[in-house]
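Below is one structure, written out as structure tokens; the observations come after it.
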Protein chains: 2
Amino acid sequence: MELPVLTPGQFDLVYNALSFGIAAMGAGFIFFALARSYVAPAYRPALLVSALVVAIAAYHYVRIFESWGSAYVLEGGAYVPSGEAFNDAYRYIDWLLTVPLLLVEAVAVLALARAKSASLIARLSIAAVLMIVLGYPGEITDDNTARFIWGALSSIPFVYILWVLWGELGRALDRQPPQVRVLVRNLRLLLLGTWGVYPIAYMAPFFGLTGAGAVVAIQLGYTIADVLAKPGFGLLIYAIAREKTRADNADPLQGQAVPAAAGD
Amino acid sequence: MELPVLTPGQFDLVYNALSFGIAAMGAGFIFFALARSYVAPAYRPALLVSALVVAIAAYHYVRIFESWGSAYVLEGGAYVPSGEAFNDAYRYIDWLLTVPLLLVEAVAVLALARAKSASLIARLSIAAVLMIVLGYPGEITDDNTARFIWGALSSIPFVYILWVLWGELGRALDRQPPQVRVLVRNLRLLLLGTWGVYPIAYMAPFFGLTGAGAVVAIQLGYTIADVLAKPGFGLLIYAIAREKTRADNADPLQGQAVPAAAGD
């Protein structure tokens with residue numbers, strides 16, 4: 001997209017939101033990496049995947065932040081494009097790596113049989129790659145018709161992923177102990193709520209938002225959605241793993257308490 | 001190689017692919033370093049070697065990324081060589097360190113007697129050094145005849161390594177539990193598939209690809225091959241180690257369960 005001239009307020013809003021993204025992703029990485037030992041061994045790989053997701057996102061937020069800073073220069077009280085492109089591709093490369101990992105996390109919570117998990121992850125990951133690859137051409141064009149067509153194509157795998165996960169998480173609800181059930185229900189709502197922000201941010205140019213307003217809305221929307229969908233989603237997975245660890249330990253049929261904190 | 005003028009699309013494609021390389025290698029390092037505790041102690045050194053390989057590669061991808069950025073300058077809507085050389089040597093230094101380590105990983109999966117392993121690693125590492133040292137003069141020349149001769153010389157140790165590993169992995173297949181057999185078979189195919197990309201990328205100038213097309217094809221080809229051959233290969237090694245850990249734990253003759261997650 002052609003970069004518009006921004007007021008200092010608009011430029012700073014995006015600049016600070018991106019810095020918030022770096023801090024949230026970095027803090028998430030430290031938490032998920034170090035909190036693995038607080039859950040039973042069976043749930044630790046899911047936390048490691050959460051740690052990977054936010055580490056990859058932290059790297060890309062640093063790159064996006066740097067790219068934003070060098071795409072503008074302050075001239076006569078306004079931020080004007082410096083001539084250097086703002087590299088929107090970082091977000092898409094990030095999603096290419098992190099969305100399949102988030103799907104692995106989501107499927108891990110379902111605690112399905114291994115063969116079923118593997119096939120579910122494979123199908124959802126292919127859909128995720130299609131969704132991202134089809135969305136990108138629309139993101140970088142200035143032509144709103146092209147943006148609409150690519151966005152619509154990208155929505156097909158997007159809806160497929162949400163539909164499959166919504167159904168699977170719903171079926172998983174019945175298999176959970178009561179304290180876990182409410183968390184899985186929240187996870188399902190968080191998934192729908194955060195994923196719903198991406199198409200809205202993508203479609204910002206169609207809601208009468210143009211120029212500066214559209215650029216600021218897109219960057220803010222993606223950043224908020226990323227923070228909720230990555231560290232936020234990971235925190236709920238952690239809460240579920242903690243509850244399940246407690247439930248496993250309390251279950252008299254399971255016998256011994258799980259040494260949940262014996263190293264990582 | 002003399003750098004050609006690139007369109008912004010061509011320049012960005014390589015730029016974003018190199019950034020993808022940094023993210024993939026960095027995430028791989030975190031994963032292999034932290035996932036060691038999820039496999040039985042016997043398989044942890046193989047995961048540590050995987051972690052080393054991608055850490056070294058992450059470092060070199062940062063260098064290649066920086067070198068690519070400073071080798072070009074945007075002038076009148078096109079990327080023209082800035083006069084600073086694009087340093088292709090980083091890839092060769094990377095391979096000099098990582099290929100022998102990848103061979104250690106591959107031999108570790110074979111679970112051979114120690115004397116046999118040591119001699120195999122020694123022979124394959126010497127071949128790897130020859131392969132890389134003979135390939136480099138051809139990479140940096142603009143003379144296609146010289147490129148062909150060095151490439152052909154480099155192919156001799158290349159084919160030797162693949163031939164030995166293919167045979168050894170084939171013989172190892174019979175010694176594996178059934179669930180592991182399919183993974184070792186995939187490892188063998190991944191090895192052949194990814195290593196096969198390097199000579200194709202090297203030979204790009206001979207397939208009618210010249211100038212901008214050749215440079216973009218070589219950089220993309222090497223990056224994709226590196227991501228599959230390093231974190232991709234390491235993930236398969238991890239999957240094999242997990243299956244073997246499960247098989248060892250389940251085997252009643254082996255007695256005690258392996259405390260797979262008791263510290264690392």
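Within each chain, counting starts at residue 1; across the structure tokens, chains are named A, B, ... in the order shown, with ligands numbered 1 upward in that order.
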
Exercise: segment 213-228 of chain B partners within 10 Å, only C-alpha atoms, chain neighbours under 4 positions left out, as an MDAnalysis selection string: chainID B and resid 1:4 6 10:22 24:25 28 54 57 61 88 91 95 190:191 193:209 232:235

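Comparing the minimum interatomic distances between Asn87 of chain A and each of A:Gly138, A:Gly170, A:Gly69, A:Pro231, counting only C-alpha atoms, we find that A:Gly69 sits nearest.
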
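You will find atom CA of Thr145 of chain B at 24.4 Å from atom CA of Leu96 of chain B.
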
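Taking atom CA of Tyr72 of chain A and atom CA of Tyr90 of chain A as the two end points, the separation is 17.4 Å.
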
For each of A:Phe148, A:Ser82, A:Tyr238, A:Met131, take the minimum atom-to-atom distance to Glu105 of chain A, counting only C-alpha atoms, then give the residue where this is smallest.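 Smallest separation from Glu105 of chain A among the options: A:Tyr238.
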
Can you pull out every residue within 12 Å of Leu48 of chain A, counting only C-alpha atoms, but drop anything in the same chain fewer than 5 positions away, and send it as a PyMOL selection string? (chain A and resi 28-37+39+41-43+53-55+101-102+104-105+108+234+237-238+264) or (chain B and resi 27-28+30-38)

Give the helix (DSSP H, G or I) residues of segment 35-264 of chain A, as assigned by DSSP on the backbone, as an MDAnalysis selection string. chainID A and resid 35:38 41:71 89:110 114:139 144:173 178:202 204:206 211:250 252:254

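Separating atom CA of Tyr160 of chain A from atom CA of Ala146 of chain A is a distance of 22.0 Å.
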
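The residue set within 12 Å of Val107 of chain A, counting only C-alpha atoms and dropping same-chain residues fewer than 6 places from it, reads Ala46, Val49, Pro100, Leu101, Ala113, Arg114, Ala115, Lys116, Ser117, Ala118, Ser119, Leu120, Ile121, Ala122, Arg123, Leu124, Ser125, Ile161, Val164, Leu165, Trp166, Gly167, Glu168, Leu169, Ala172, Val184, Leu187, Arg188 and Ile237 of chain A.
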